[in-house]
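K.L.:
Input file: structure-v3.txt. Contents: compact mmCIF, C-alpha atoms.
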```txt
# COMPACT_ATOMS: atom_id res chain seq x y z
CA MET T 1 0.00 0.00 0.00
CA ALA T 2 2.67 2.56 1.08
CA SER T 3 6.30 2.51 0.01
CA GLN T 4 7.48 5.22 2.40
CA VAL T 5 6.14 7.11 5.43
CA HIS T 6 7.60 10.54 6.31
CA PHE T 7 7.20 13.01 9.16
CA LEU T 8 7.93 16.61 8.10
CA ASP T 9 7.86 19.97 9.83
CA ILE T 10 5.62 22.84 8.72
CA LYS T 11 8.22 23.91 6.13
CA GLY T 12 8.34 20.43 4.60
CA LYS T 13 11.73 19.46 6.07
CA SER T 14 11.95 15.74 6.83
CA LEU T 15 12.20 14.85 10.52
CA LEU T 16 11.88 11.07 10.32
CA SER T 17 11.11 8.55 7.61
CA ARG T 18 10.69 4.81 7.04
CA ASP T 19 11.20 3.07 3.68
CA TYR T 20 9.25 -0.19 3.41
CA LYS T 21 9.76 -1.27 -0.21
CA GLY T 22 12.74 0.57 -1.67
CA ASP T 23 10.98 1.23 -4.99
CA ILE T 24 10.95 5.04 -4.60
CA PRO T 25 14.12 7.18 -4.44
CA ALA T 26 14.93 8.49 -0.96
CA ASN T 27 15.07 12.08 -2.25
CA ALA T 28 11.54 11.95 -3.72
CA ILE T 29 10.18 13.57 -0.56
CA ASP T 30 12.23 16.70 -1.39
CA GLN T 31 9.60 17.57 -4.01
CA PHE T 32 6.79 17.60 -1.44
CA PRO T 33 7.23 21.26 -0.24
CA LEU T 34 7.16 22.47 -3.86
CA LEU T 35 4.03 20.45 -4.54
CA LEU T 36 2.38 22.00 -1.47
CA LEU T 37 3.13 25.48 -2.82
CA ASP T 38 1.44 24.58 -6.09
CA LEU T 39 -1.61 23.34 -4.16
CA ASP T 40 -1.79 26.59 -2.17
CA ASN T 41 -2.13 28.50 -5.41
CA GLU T 42 -5.15 26.44 -6.44
CA ASP T 43 -8.77 27.00 -5.45
CA GLU T 44 -9.29 26.03 -1.78
CA SER T 45 -12.61 24.40 -2.68
CA ASN T 46 -10.64 21.80 -4.67
CA TYR T 47 -8.73 20.59 -1.62
CA ARG T 48 -7.56 16.99 -1.77
CA PRO T 49 -5.32 14.97 0.60
CA PHE T 50 -2.97 13.79 -2.14
CA VAL T 51 -0.89 15.02 -5.06
CA ASN T 52 0.78 13.15 -7.92
CA SER T 53 4.15 13.99 -9.45
CA ASN T 54 6.38 11.94 -11.76
CA GLY T 55 4.35 8.80 -11.15
CA ILE T 56 4.58 9.10 -7.34
CA ASN T 57 1.51 9.65 -5.15
CA TYR T 58 1.96 11.85 -2.07
CA VAL T 59 -0.85 11.22 0.46
CA TYR T 60 -0.62 13.49 3.49
CA ILE T 61 -2.29 14.77 6.67
CA ASN T 62 -1.53 18.03 8.47
CA HIS T 63 -1.39 17.70 12.27
CA ASN T 64 0.01 20.14 14.87
CA ASN T 65 2.26 21.93 12.34
CA LEU T 66 3.47 18.56 11.06
CA TYR T 67 2.93 16.75 7.79
CA VAL T 68 2.58 12.98 7.92
CA CYS T 69 3.04 11.80 4.34
CA ALA T 70 2.87 8.38 2.65
CA LEU T 71 4.44 7.77 -0.77
CA THR T 72 3.39 5.08 -3.24
CA ARG T 73 3.85 4.35 -6.93
CA LYS T 74 0.77 2.23 -7.46
CA ASN T 75 -2.79 3.46 -7.89
CA GLU T 76 -3.69 2.84 -4.25
CA ASN T 77 -6.87 3.58 -2.35
CA VAL T 78 -6.19 7.12 -1.15
CA MET T 79 -8.80 7.05 1.63
CA ALA T 80 -7.35 3.80 2.99
CA LEU T 81 -3.98 5.53 3.25
CA VAL T 82 -5.56 8.59 4.89
CA VAL T 83 -7.25 6.35 7.46
CA PHE T 84 -3.95 4.56 8.15
CA LEU T 85 -2.12 7.86 8.66
CA SER T 86 -4.90 9.03 11.00
CA LYS T 87 -4.59 5.83 13.02
CA LEU T 88 -0.81 6.24 13.13
CA ILE T 89 -1.25 9.73 14.56
CA GLU T 90 -3.65 8.34 17.19
CA VAL T 91 -1.09 5.68 18.20
CA LEU T 92 1.76 8.18 18.56
CA THR T 93 -0.47 10.64 20.42
CA SER T 94 -1.40 7.93 22.93
CA TYR T 95 2.33 7.38 23.60
CA PHE T 96 3.54 10.99 23.71
CA LYS T 97 0.30 12.77 24.79
CA SER T 98 0.91 15.34 22.05
CA LEU T 99 2.41 14.61 18.64
CA GLU T 100 4.55 17.54 17.57
CA GLU T 101 8.03 18.26 16.28
CA GLU T 102 9.66 18.16 19.71
CA SER T 103 8.08 14.83 20.69
CA ILE T 104 9.29 13.29 17.41
CA ARG T 105 12.86 14.48 17.97
CA ASP T 106 12.83 13.08 21.52
CA ASN T 107 11.47 9.65 20.61
CA PHE T 108 13.13 8.48 17.38
CA VAL T 109 13.76 4.94 18.65
CA ILE T 110 10.25 4.12 19.82
CA ILE T 111 8.71 5.71 16.70
CA TYR T 112 10.84 3.48 14.45
CA GLU T 113 9.74 0.44 16.47
CA LEU T 114 6.11 1.46 16.13
CA LEU T 115 6.49 2.04 12.38
CA ASP T 116 7.87 -1.50 12.03
CA GLU T 117 4.88 -2.94 13.89
CA VAL T 118 1.99 -0.96 12.37
CA MET T 119 3.12 -1.69 8.79
CA ASP T 120 4.96 -4.60 7.15
CA TYR T 121 6.34 -4.19 3.61
CA GLY T 122 3.90 -1.35 3.10
CA ILE T 123 0.84 -3.28 4.29
CA PRO T 124 -0.93 -2.05 7.47
CA GLN T 125 -0.90 -4.53 10.35
CA THR T 126 -2.21 -3.55 13.78
CA THR T 127 -2.94 -0.01 14.96
CA ASP T 128 -4.62 -1.01 18.21
CA THR T 129 -2.93 1.02 20.94
CA LYS T 130 -3.84 -1.41 23.73
CA ILE T 131 -2.08 -4.25 21.94
CA LEU T 132 0.99 -2.20 20.93
CA LYS T 133 1.51 -0.96 24.48
CA GLU T 134 1.81 -4.53 25.73
CA TYR T 135 5.21 -5.04 24.14
CA ILE T 136 6.37 -1.57 23.00
CA THR T 137 6.68 0.71 26.01
CA GLN T 138 7.93 4.24 26.47
CA ASP T 139 11.08 2.88 28.16
CA TYR T 140 12.36 1.62 24.82
CA TYR T 141 13.79 5.02 23.88
CA ARG T 142 16.49 4.34 26.52
CA LEU T 143 17.88 1.58 24.27
CA ILE T 144 17.34 -1.20 26.82
CA ARG T 145 19.30 -4.25 25.68
CA ASN T 146 17.25 -7.45 25.54
CA THR T 147 18.81 -10.55 27.05
CA PRO T 148 17.29 -14.05 26.69
CA SER T 149 15.57 -13.54 30.04
CA ARG T 150 14.20 -10.13 29.03
CA VAL T 151 13.06 -10.72 25.46
CA VAL T 152 9.61 -9.20 25.03
CA GLN T 153 7.26 -11.47 23.15
CA PRO T 154 4.48 -9.96 21.06
CA PRO T 155 1.03 -10.67 22.48
CA ASN T 156 -1.09 -13.36 20.89
CA ALA T 157 -3.54 -10.73 19.65
CA VAL T 158 -1.00 -9.53 17.06
CA THR T 159 -1.05 -12.85 15.21
CA ASN T 160 -4.50 -13.95 16.29
CA ALA T 161 -7.52 -13.55 14.01
CA VAL T 162 -9.12 -11.47 16.80
CA SER T 163 -6.48 -8.74 16.83
CA TRP T 164 -8.57 -6.32 18.93
CA ARG T 165 -8.76 -8.62 21.96
CA LYS T 166 -6.06 -10.45 23.88
CA GLU T 167 -6.51 -13.86 25.45
CA GLY T 168 -6.62 -14.58 29.16
CA ILE T 169 -8.97 -11.76 30.21
CA PHE T 170 -10.76 -12.60 33.45
CA TYR T 171 -13.38 -10.83 35.57
CA LYS T 172 -14.94 -12.03 38.81
CA LYS T 173 -18.24 -10.54 37.71
CA ASN T 174 -18.99 -10.66 34.00
CA GLU T 175 -21.04 -7.70 32.75
CA ALA T 176 -21.75 -5.86 29.52
CA PHE T 177 -23.18 -2.32 29.47
CA LEU T 178 -24.88 -1.15 26.28
CA ASP T 179 -25.91 2.48 25.64
CA VAL T 180 -28.06 3.61 22.72
CA VAL T 181 -27.28 7.32 22.37
CA GLU T 182 -29.09 9.53 19.84
CA SER T 183 -28.05 13.15 19.29
CA ILE T 184 -30.62 15.50 17.73
CA ASN T 185 -29.58 18.36 15.46
CA MET T 186 -32.47 20.66 14.63
CA LEU T 187 -33.14 24.07 13.12
CA ILE T 188 -36.39 25.66 14.33
CA ASN T 189 -37.89 28.97 13.18
CA ALA T 190 -39.44 31.59 15.45
CA GLN T 191 -42.91 30.05 14.95
CA GLY T 192 -41.76 26.67 16.29
CA GLN T 193 -41.65 24.94 12.90
CA VAL T 194 -38.82 22.50 12.19
CA LEU T 195 -36.86 23.60 9.11
CA ASN T 196 -34.25 20.85 9.20
CA SER T 197 -33.33 17.98 11.50
CA GLU T 198 -31.26 14.82 11.74
CA ILE T 199 -30.55 12.07 14.25
CA LEU T 200 -26.98 10.88 14.84
CA GLY T 201 -27.06 7.59 16.72
CA GLU T 202 -24.43 5.42 18.39
CA ILE T 203 -24.54 2.05 20.12
CA LYS T 204 -21.78 2.04 22.72
CA ILE T 205 -20.64 -0.97 24.73
CA LYS T 206 -18.56 -1.29 27.87
CA SER T 207 -17.40 -4.90 28.07
CA HIS T 208 -16.22 -6.53 31.31
CA LEU T 209 -16.33 -10.13 30.07
CA SER T 210 -13.87 -12.99 30.58
CA GLY T 211 -12.34 -15.19 27.90
CA MET T 212 -13.40 -14.90 24.27
CA PRO T 213 -17.16 -14.20 24.45
CA ASP T 214 -19.33 -14.26 21.34
CA LEU T 215 -22.14 -11.69 21.44
CA ARG T 216 -25.32 -11.46 19.40
CA LEU T 217 -27.30 -8.22 19.36
CA GLY T 218 -30.97 -8.16 18.38
CA LEU T 219 -32.75 -4.88 17.64
CA ASN T 220 -36.50 -4.32 17.64
CA ASP T 221 -36.81 -4.53 13.85
CA LYS T 222 -34.09 -5.64 11.46
CA GLY T 223 -36.09 -3.89 8.73
CA ILE T 224 -34.52 -0.59 9.80
CA PHE T 225 -31.43 -1.74 7.93
CA SER T 226 -33.35 -2.61 4.79
CA ALA T 227 -33.56 -0.32 1.80
CA ASP T 228 -36.68 -2.11 0.59
CA SER T 229 -39.49 -0.13 2.17
CA SER T 230 -42.05 -2.53 0.73
CA SER T 231 -40.58 -5.47 2.65
CA GLU T 232 -42.73 -6.98 5.35
CA SER T 233 -39.82 -6.68 7.79
CA THR T 234 -39.58 -2.90 7.40
CA ASN T 235 -40.70 -1.12 10.54
CA SER T 236 -44.00 0.74 10.68
CA LYS T 237 -42.32 4.15 10.38
CA GLY T 238 -40.53 3.09 7.20
CA ILE T 239 -37.25 4.45 8.55
CA GLU T 240 -34.02 3.45 6.87
CA MET T 241 -30.74 4.09 8.64
CA GLU T 242 -28.04 5.86 6.64
CA ASP T 243 -24.24 6.01 6.98
CA ILE T 244 -24.12 2.86 9.09
CA LYS T 245 -20.62 2.21 10.43
CA PHE T 246 -19.53 -0.82 12.45
CA HIS T 247 -16.55 -1.53 14.67
CA GLN T 248 -14.06 -3.93 13.11
CA CYS T 249 -15.19 -6.68 15.50
CA VAL T 250 -18.59 -7.02 13.77
CA ARG T 251 -18.87 -9.90 11.29
CA LEU T 252 -19.93 -7.95 8.23
CA SER T 253 -20.68 -11.05 6.12
CA LYS T 254 -23.16 -12.24 8.75
CA PHE T 255 -24.79 -8.83 8.81
CA GLU T 256 -24.96 -8.49 5.02
CA ASN T 257 -26.50 -11.93 4.55
CA GLU T 258 -28.79 -12.23 7.59
CA ARG T 259 -28.96 -8.69 9.05
CA ILE T 260 -27.70 -10.07 12.39
CA ILE T 261 -25.05 -8.26 14.46
CA THR T 262 -22.58 -10.79 15.92
CA PHE T 263 -19.14 -9.97 17.30
CA ILE T 264 -16.33 -10.75 19.75
CA PRO T 265 -16.00 -7.45 21.66
CA PRO T 266 -12.80 -5.63 22.59
CA ASP T 267 -12.16 -5.33 26.30
CA GLY T 268 -13.44 -2.09 27.79
CA GLU T 269 -15.36 0.72 26.07
CA PHE T 270 -15.92 1.01 22.32
CA THR T 271 -18.53 2.17 19.78
CA LEU T 272 -20.12 -0.87 18.18
CA MET T 273 -22.18 0.98 15.60
CA SER T 274 -23.10 4.48 14.43
CA TYR T 275 -25.89 5.61 12.13
CA ARG T 276 -27.76 8.65 10.83
CA LEU T 277 -31.42 9.40 10.13
CA SER T 278 -32.22 12.36 7.90
CA SER T 279 -35.25 14.64 8.27
CA ALA T 280 -36.62 13.41 4.92
CA GLN T 281 -37.54 10.08 6.57
CA PHE T 282 -39.57 11.25 9.56
CA LEU T 283 -41.60 14.13 10.93
CA MET T 284 -40.26 15.50 14.19
CA LYS T 285 -41.52 18.18 16.47
CA PRO T 286 -39.09 20.08 18.70
CA LEU T 287 -38.38 18.08 21.85
CA ILE T 288 -37.76 21.34 23.70
CA LEU T 289 -39.83 24.13 22.15
CA ILE T 290 -38.42 27.59 22.86
CA THR T 291 -40.06 30.93 22.10
CA CYS T 292 -38.36 34.20 22.86
CA LYS T 293 -39.46 37.84 22.40
CA THR T 294 -37.35 40.95 22.89
CA LYS T 295 -38.48 44.49 23.62
CA VAL T 296 -36.34 47.63 23.65
CA HIS T 297 -37.58 50.35 26.03
CA LYS T 298 -36.53 53.91 25.12
CA HIS T 299 -33.04 52.77 24.13
CA SER T 300 -32.16 52.42 27.82
CA ARG T 301 -32.99 48.82 28.60
CA ILE T 302 -33.89 45.57 26.91
CA GLU T 303 -36.52 43.08 28.10
CA ILE T 304 -36.43 39.41 27.14
CA MET T 305 -39.42 37.12 27.65
CA CYS T 306 -38.63 33.46 27.05
CA SER T 307 -40.73 30.32 27.45
CA ALA T 308 -39.74 26.68 27.14
CA ARG T 309 -41.99 23.65 26.77
CA ALA T 310 -40.94 20.00 27.01
CA GLN T 311 -42.79 18.32 24.13
CA ILE T 312 -42.05 14.79 25.32
CA LYS T 313 -44.17 12.18 27.04
CA LYS T 314 -45.24 13.04 30.58
CA LYS T 315 -43.43 10.02 31.97
CA SER T 316 -40.16 11.28 30.46
CA THR T 317 -37.92 13.99 31.90
CA ALA T 318 -35.26 16.11 30.25
CA ASN T 319 -32.19 16.62 32.43
CA ASN T 320 -29.56 19.36 32.57
CA VAL T 321 -31.40 21.66 30.16
CA GLU T 322 -29.44 24.77 29.15
CA ILE T 323 -30.97 27.52 27.00
CA VAL T 324 -28.34 29.95 25.68
CA ILE T 325 -29.92 33.32 24.85
CA PRO T 326 -27.72 35.91 23.09
CA ILE T 327 -27.79 39.53 24.24
CA PRO T 328 -26.14 42.78 22.99
CA GLU T 329 -22.43 43.02 23.80
CA ASP T 330 -22.82 46.25 25.78
CA ALA T 331 -25.75 45.05 27.92
CA ASP T 332 -25.27 45.33 31.70
CA THR T 333 -27.03 45.34 35.10
CA PRO T 334 -29.08 42.18 34.47
CA LYS T 335 -32.19 41.25 36.44
CA PHE T 336 -33.75 37.80 36.09
CA VAL T 337 -37.16 36.43 37.10
CA PRO T 338 -37.28 32.70 36.24
CA GLU T 339 -40.41 30.72 36.98
CA TYR T 340 -38.19 27.68 37.46
CA GLY T 341 -34.44 27.05 37.34
CA THR T 342 -31.58 29.53 37.46
CA VAL T 343 -30.32 32.22 35.06
CA LYS T 344 -26.73 33.46 34.84
CA TRP T 345 -25.15 36.26 32.83
CA TYR T 346 -21.96 35.55 30.85
CA PRO T 347 -20.69 38.95 29.64
CA GLU T 348 -17.60 37.46 27.97
CA LYS T 349 -19.89 35.38 25.74
CA SER T 350 -22.59 38.08 25.34
CA CYS T 351 -25.33 35.72 26.46
CA ILE T 352 -27.44 34.57 29.38
CA ILE T 353 -27.95 30.89 30.15
CA TRP T 354 -31.17 29.57 31.63
CA LYS T 355 -30.54 26.25 33.36
CA LEU T 356 -33.24 23.76 34.35
CA ARG T 357 -31.88 20.72 36.15
CA THR T 358 -35.01 18.63 35.47
CA PHE T 359 -37.73 19.38 32.93
CA PRO T 360 -40.74 16.99 33.11
CA GLY T 361 -42.55 16.16 29.89
CA GLY T 362 -45.56 18.35 29.10
CA LYS T 363 -44.44 21.15 31.43
CA GLN T 364 -43.90 24.75 30.34
CA PHE T 365 -41.88 27.40 32.18
CA HIS T 366 -41.30 31.11 31.63
CA MET T 367 -38.38 33.42 32.28
CA ARG T 368 -38.12 37.19 32.11
CA ALA T 369 -34.84 39.08 31.93
CA GLU T 370 -34.13 42.80 31.94
CA LEU T 371 -30.77 44.34 31.05
CA GLY T 372 -29.50 47.87 30.71
CA LEU T 373 -28.35 49.34 27.38
CA PRO T 374 -25.90 52.18 28.02
CA ALA T 375 -25.34 52.86 24.33
CA VAL T 376 -28.11 54.37 22.21
CA VAL T 377 -29.00 51.71 19.65
CA ASP T 378 -31.51 51.94 16.85
CA PRO T 379 -34.19 49.19 17.26
CA GLU T 380 -33.82 48.16 13.63
CA GLU T 381 -30.07 47.86 14.04
CA LEU T 382 -30.63 45.82 17.20
CA ALA T 383 -32.88 43.42 15.29
CA THR T 384 -30.15 42.71 12.76
CA MET T 385 -27.79 41.80 15.63
CA ARG T 386 -30.03 39.04 16.94
CA ARG T 387 -28.41 35.65 16.98
CA PRO T 388 -30.17 32.28 17.26
CA ILE T 389 -30.80 30.54 20.56
CA LYS T 390 -28.95 27.32 21.35
CA ALA T 391 -30.25 24.54 23.58
CA LYS T 392 -28.67 21.58 25.33
CA PHE T 393 -30.46 18.71 27.07
CA SER T 394 -30.44 15.01 27.82
CA ILE T 395 -33.46 12.67 27.99
CA PRO T 396 -32.81 9.21 29.50
CA TYR T 397 -34.84 6.07 28.75
CA PHE T 398 -35.93 7.47 25.39
CA THR T 399 -34.94 7.27 21.71
CA THR T 400 -36.44 9.47 19.02
CA SER T 401 -36.06 6.89 16.24
CA GLY T 402 -37.78 4.17 18.26
CA ILE T 403 -34.81 1.78 18.04
CA GLN T 404 -34.79 -0.75 20.89
CA VAL T 405 -32.54 -3.62 21.94
CA ARG T 406 -34.55 -6.84 22.02
CA TYR T 407 -31.70 -8.94 23.38
CA LEU T 408 -27.96 -9.06 23.94
CA ARG T 409 -26.90 -12.70 24.15
CA ILE T 410 -23.48 -13.54 25.53
CA ASN T 411 -21.88 -16.92 24.95
CA GLU T 412 -18.42 -18.01 26.09
CA PRO T 413 -18.02 -21.65 24.98
CA LYS T 414 -15.08 -22.51 27.27
CA LEU T 415 -15.92 -20.76 30.54
CA GLN T 416 -19.74 -21.01 30.33
CA TYR T 417 -20.24 -18.23 32.88
CA GLN T 418 -23.40 -16.34 33.75
CA SER T 419 -23.33 -12.80 32.39
CA TYR T 420 -25.33 -9.65 33.10
CA PRO T 421 -26.12 -7.34 30.18
CA TRP T 422 -27.41 -3.84 30.96
CA VAL T 423 -29.11 -1.55 28.42
CA ARG T 424 -29.72 2.20 28.60
CA TYR T 425 -31.29 4.69 26.17
CA ILE T 426 -30.37 8.37 25.95
CA THR T 427 -31.57 11.14 23.63
CA GLN T 428 -29.60 14.35 23.78
CA SER T 429 -29.12 17.58 21.90
CA GLY T 430 -26.48 17.52 19.19
CA ASP T 431 -23.92 20.20 18.42
CA ASP T 432 -26.51 22.22 16.49
CA TYR T 433 -29.92 22.42 18.20
CA THR T 434 -30.84 25.97 17.14
CA VAL T 435 -33.91 28.20 17.44
CA ARG T 436 -34.20 31.33 15.32
CA THR T 437 -35.54 34.41 17.05
CA SER T 438 -38.31 36.65 15.75
```
Mind turning the file's structure into structure tokens?
P.N.:
Amino acid sequence: MASQVHFLDIKGKSLLSRDYKGDIPANAIDQFPLLLLDLDNEDESNYRPFVNSNGINYVYINHNNLYVCALTRKNENVMALVVFLSKLIEVLTSYFKSLEEESIRDNFVIIYELLDEVMDYGIPQTTDTKILKEYITQDYYRLIRNTPSRVVQPPNAVTNAVSWRKEGIFYKKNEAFLDVVESINMLINAQGQVLNSEILGEIKIKSHLSGMPDLRLGLNDKGIFSADSSSESTNSKGIEMEDIKFHQCVRLSKFENERIITFIPPDGEFTLMSYRLSSAQFLMKPLILITCKTKVHKHSRIEIMCSARAQIKKKSTANNVEIVIPIPEDADTPKFVPEYGTVKWYPEKSCIIWKLRTFPGGKQFHMRAELGLPAVVDPEELATMRRPIKAKFSIPYFTTSGIQVRYLRINEPKLQYQSYPWVRYITQSGDDYTVRTS
């Protein structure tokens, strides 16, 4: 896949390199800074993570004023190389806390050892940090000499088919914790109508299981994975998940043929699966409906009247609700009258934040704020300065898409232990839950 891997500073000067195949001249990397200059002169909208020159492909990533670059002669999969370089950066960051020019200069030896392990003759091997740290430690940069009694053997996971899990794991109490987390991004106009929305979902697992357990996950309707909306197995909402991504432990052939999720989990926490649901597939109302009106009184003070309603089932409760309301930069002397919760002024952010620790479904609360305006501002000019309101919240025991875990079966053929799976559901605001103001 890759003939050479190079680490370069921000000026394109080589700091460290590894040649895996010997089919590309060592000085080929000298052309890379010139190629970057040519790319800078091109349209930024045409950005690409590779450049070709004289039959050589330069695939690169910029990180902390460094360039990590892979060279190859063949017509390789560029995205596969980009993913490998990203994983390599993650591995080195886990060792040195921060990957930068100084950390590379201080750790040549261990970096060369890692480069020999993560790739063999240009073919990626293992980039699992947990496995690499078992036999390549930070002490290696001291050039410790190995004697027959101190030879470090690679863990079985490196050569095992299950490279993400080592053998011999044991727990007194075997448990598996599964979280279905859905983040809602939504754009709402001043009248409470949803203009755009999407659901970003993740199924996260925390595994404390002994041996080599084989897990089988059953969801409420395997039809959610089917593109055939006319199929009898398609769920009643006709929802099809998009951008489904699985952890490497999932047997993709089993999923593609039978739509069953089976896997041997890594030890500890990991994301088993992620998915997306677009607004074109479902009709959603705002989970937290926010309306806000602003009045300017004789250019001397501003009055904000805000109301929030939890449009969720009465048995559900939204926790840690935060409503971020923007205010003019020169506003001062705030006075707040919340019906429920607390309000705090953040002058450095030019906003006030209304916090409600618990927000039961079906409830509605009001808040009134009054702030001084020392500068004389035209009301029309003030209207153009209005920014949208942001909201944050978390709703346990609830998923917007309706996805549910029917079962999580755990089987360890050798140990035959009793296991305890736990399942939780959480719906929360995404990075962009926005309400436009009137």
K.L.:
Using all atoms listed in the file, determine which residues lie at most 6 Å from His247 in chain T, disregarding the query and same-chain residues fewer than 2 positions distant; provide the list as a ChimeraX atom specification.
P.N.:
/T:249-250,272
K.L.:
Nearest to Thr271 in chain T: which of T:Glu182, T:Glu202, T:Glu412, T:Asp106 is it, counting only C-alpha atoms?
P.N.:
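Selected residue with least distance to Thr271 in chain T: T:Glu202.
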K.L.:
Give me, as a ChimeraX atom specification, all polymer residues having an atom no more than 9 Å from Lys293 in chain T, counting all atoms listed in the file and skipping those fewer than 5 positions away in the same chain.
P.N.:
/T:303-306,437-438
K.L.:
Find the distance between CA of Asp267 in chain T and CA of Leu85 in chain T and write it in Å to one decimal.
P.N.:
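These two atoms are separated by 24.2 Å.
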K.L.:
When you look at range 25-29 of chain T with a cut-off of 10 Å (counting only C-alpha atoms), what residues show up, excluding the ones that are within fewer than 5 positions of it in the same chain? I need them as a VMD selection string.
P.N.:
chain T and resid 4 to 6 8 12 to 14 17 to 19 34 53 to 54 56 58 69 to 71
K.L.:
Would you mind listing what lies within 7 Å of Glu101 in chain T as number ranges by chain, with all atoms listed in the file counted and same-chain residues fewer than 3 positions away left out?
P.N.:
T: 9, 66, 104-105
K.L.:
Please, what distance in Å, to one decimal, runs between CA of Asp23 in chain T and CA of Ser3 in chain T?
P.N.:
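A separation of 7.0 Å between them.
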K.L.:
Using all atoms listed in the file, can you tell me which of T:Ile199, T:Leu35, T:Ile395, T:Met212 comes closest to Lys11 in chain T?
P.N.:
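Among T:Ile199, T:Leu35, T:Ile395, T:Met212, it is T:Leu35 that comes nearest to Lys11 in chain T.
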K.L.:
Choose the residue, out of T:Leu88, T:Val324, T:Leu132, T:Leu16, that has the smallest atom-to-atom separation from Val109 in chain T; count all atoms listed in the file.
P.N.:
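Ranked by minimum distance to Val109 in chain T, first place goes to T:Leu16.
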K.L.:
Work out how far CA of Tyr121 in chain T is from CA of Glu90 in chain T, in Å to one decimal.
P.N.:
21.0 Å
K.L.:
Please list, as an NGL selection string, the residues that have an atom at most 12 Å away from (-2.4, 4.1, 21.3) in the coordinates of this file, counting all atoms listed in the file.
P.N.:
:T and (86-99 or 114 or 118 or 126-134 or 136-138)
K.L.:
For Gln364 in chain T, which of T:Asp332, T:Glu339, T:Glu256, T:Glu167 is the closest residue, counting only C-alpha atoms?
P.N.:
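Selected residue with least distance to Gln364 in chain T: T:Glu339.
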K.L.:
Measuring between only C-alpha atoms, which one of T:Ile288, T:Ile169, T:Met1, T:Ile261 shows the shortest distance to Gln311 in chain T?
P.N.:
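Checking each of T:Ile288, T:Ile169, T:Met1, T:Ile261 against Gln311 in chain T, counting only C-alpha atoms, the winner is T:Ile288.
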K.L.:
Neighbouring residues of Lys344 in chain T were defined as those with any atom within 7 Å, considering only C-alpha atoms; residues of the same chain fewer than 6 positions away were excluded. Please report them as a VMD selection string.
P.N.:
chain T and resid 352 to 354
K.L.:
Hey, which of T:His63, T:Lys166, T:Arg309, T:His208 ends up closest to Ile410 in chain T? Count all atoms listed in the file.
P.N.:
T:His208
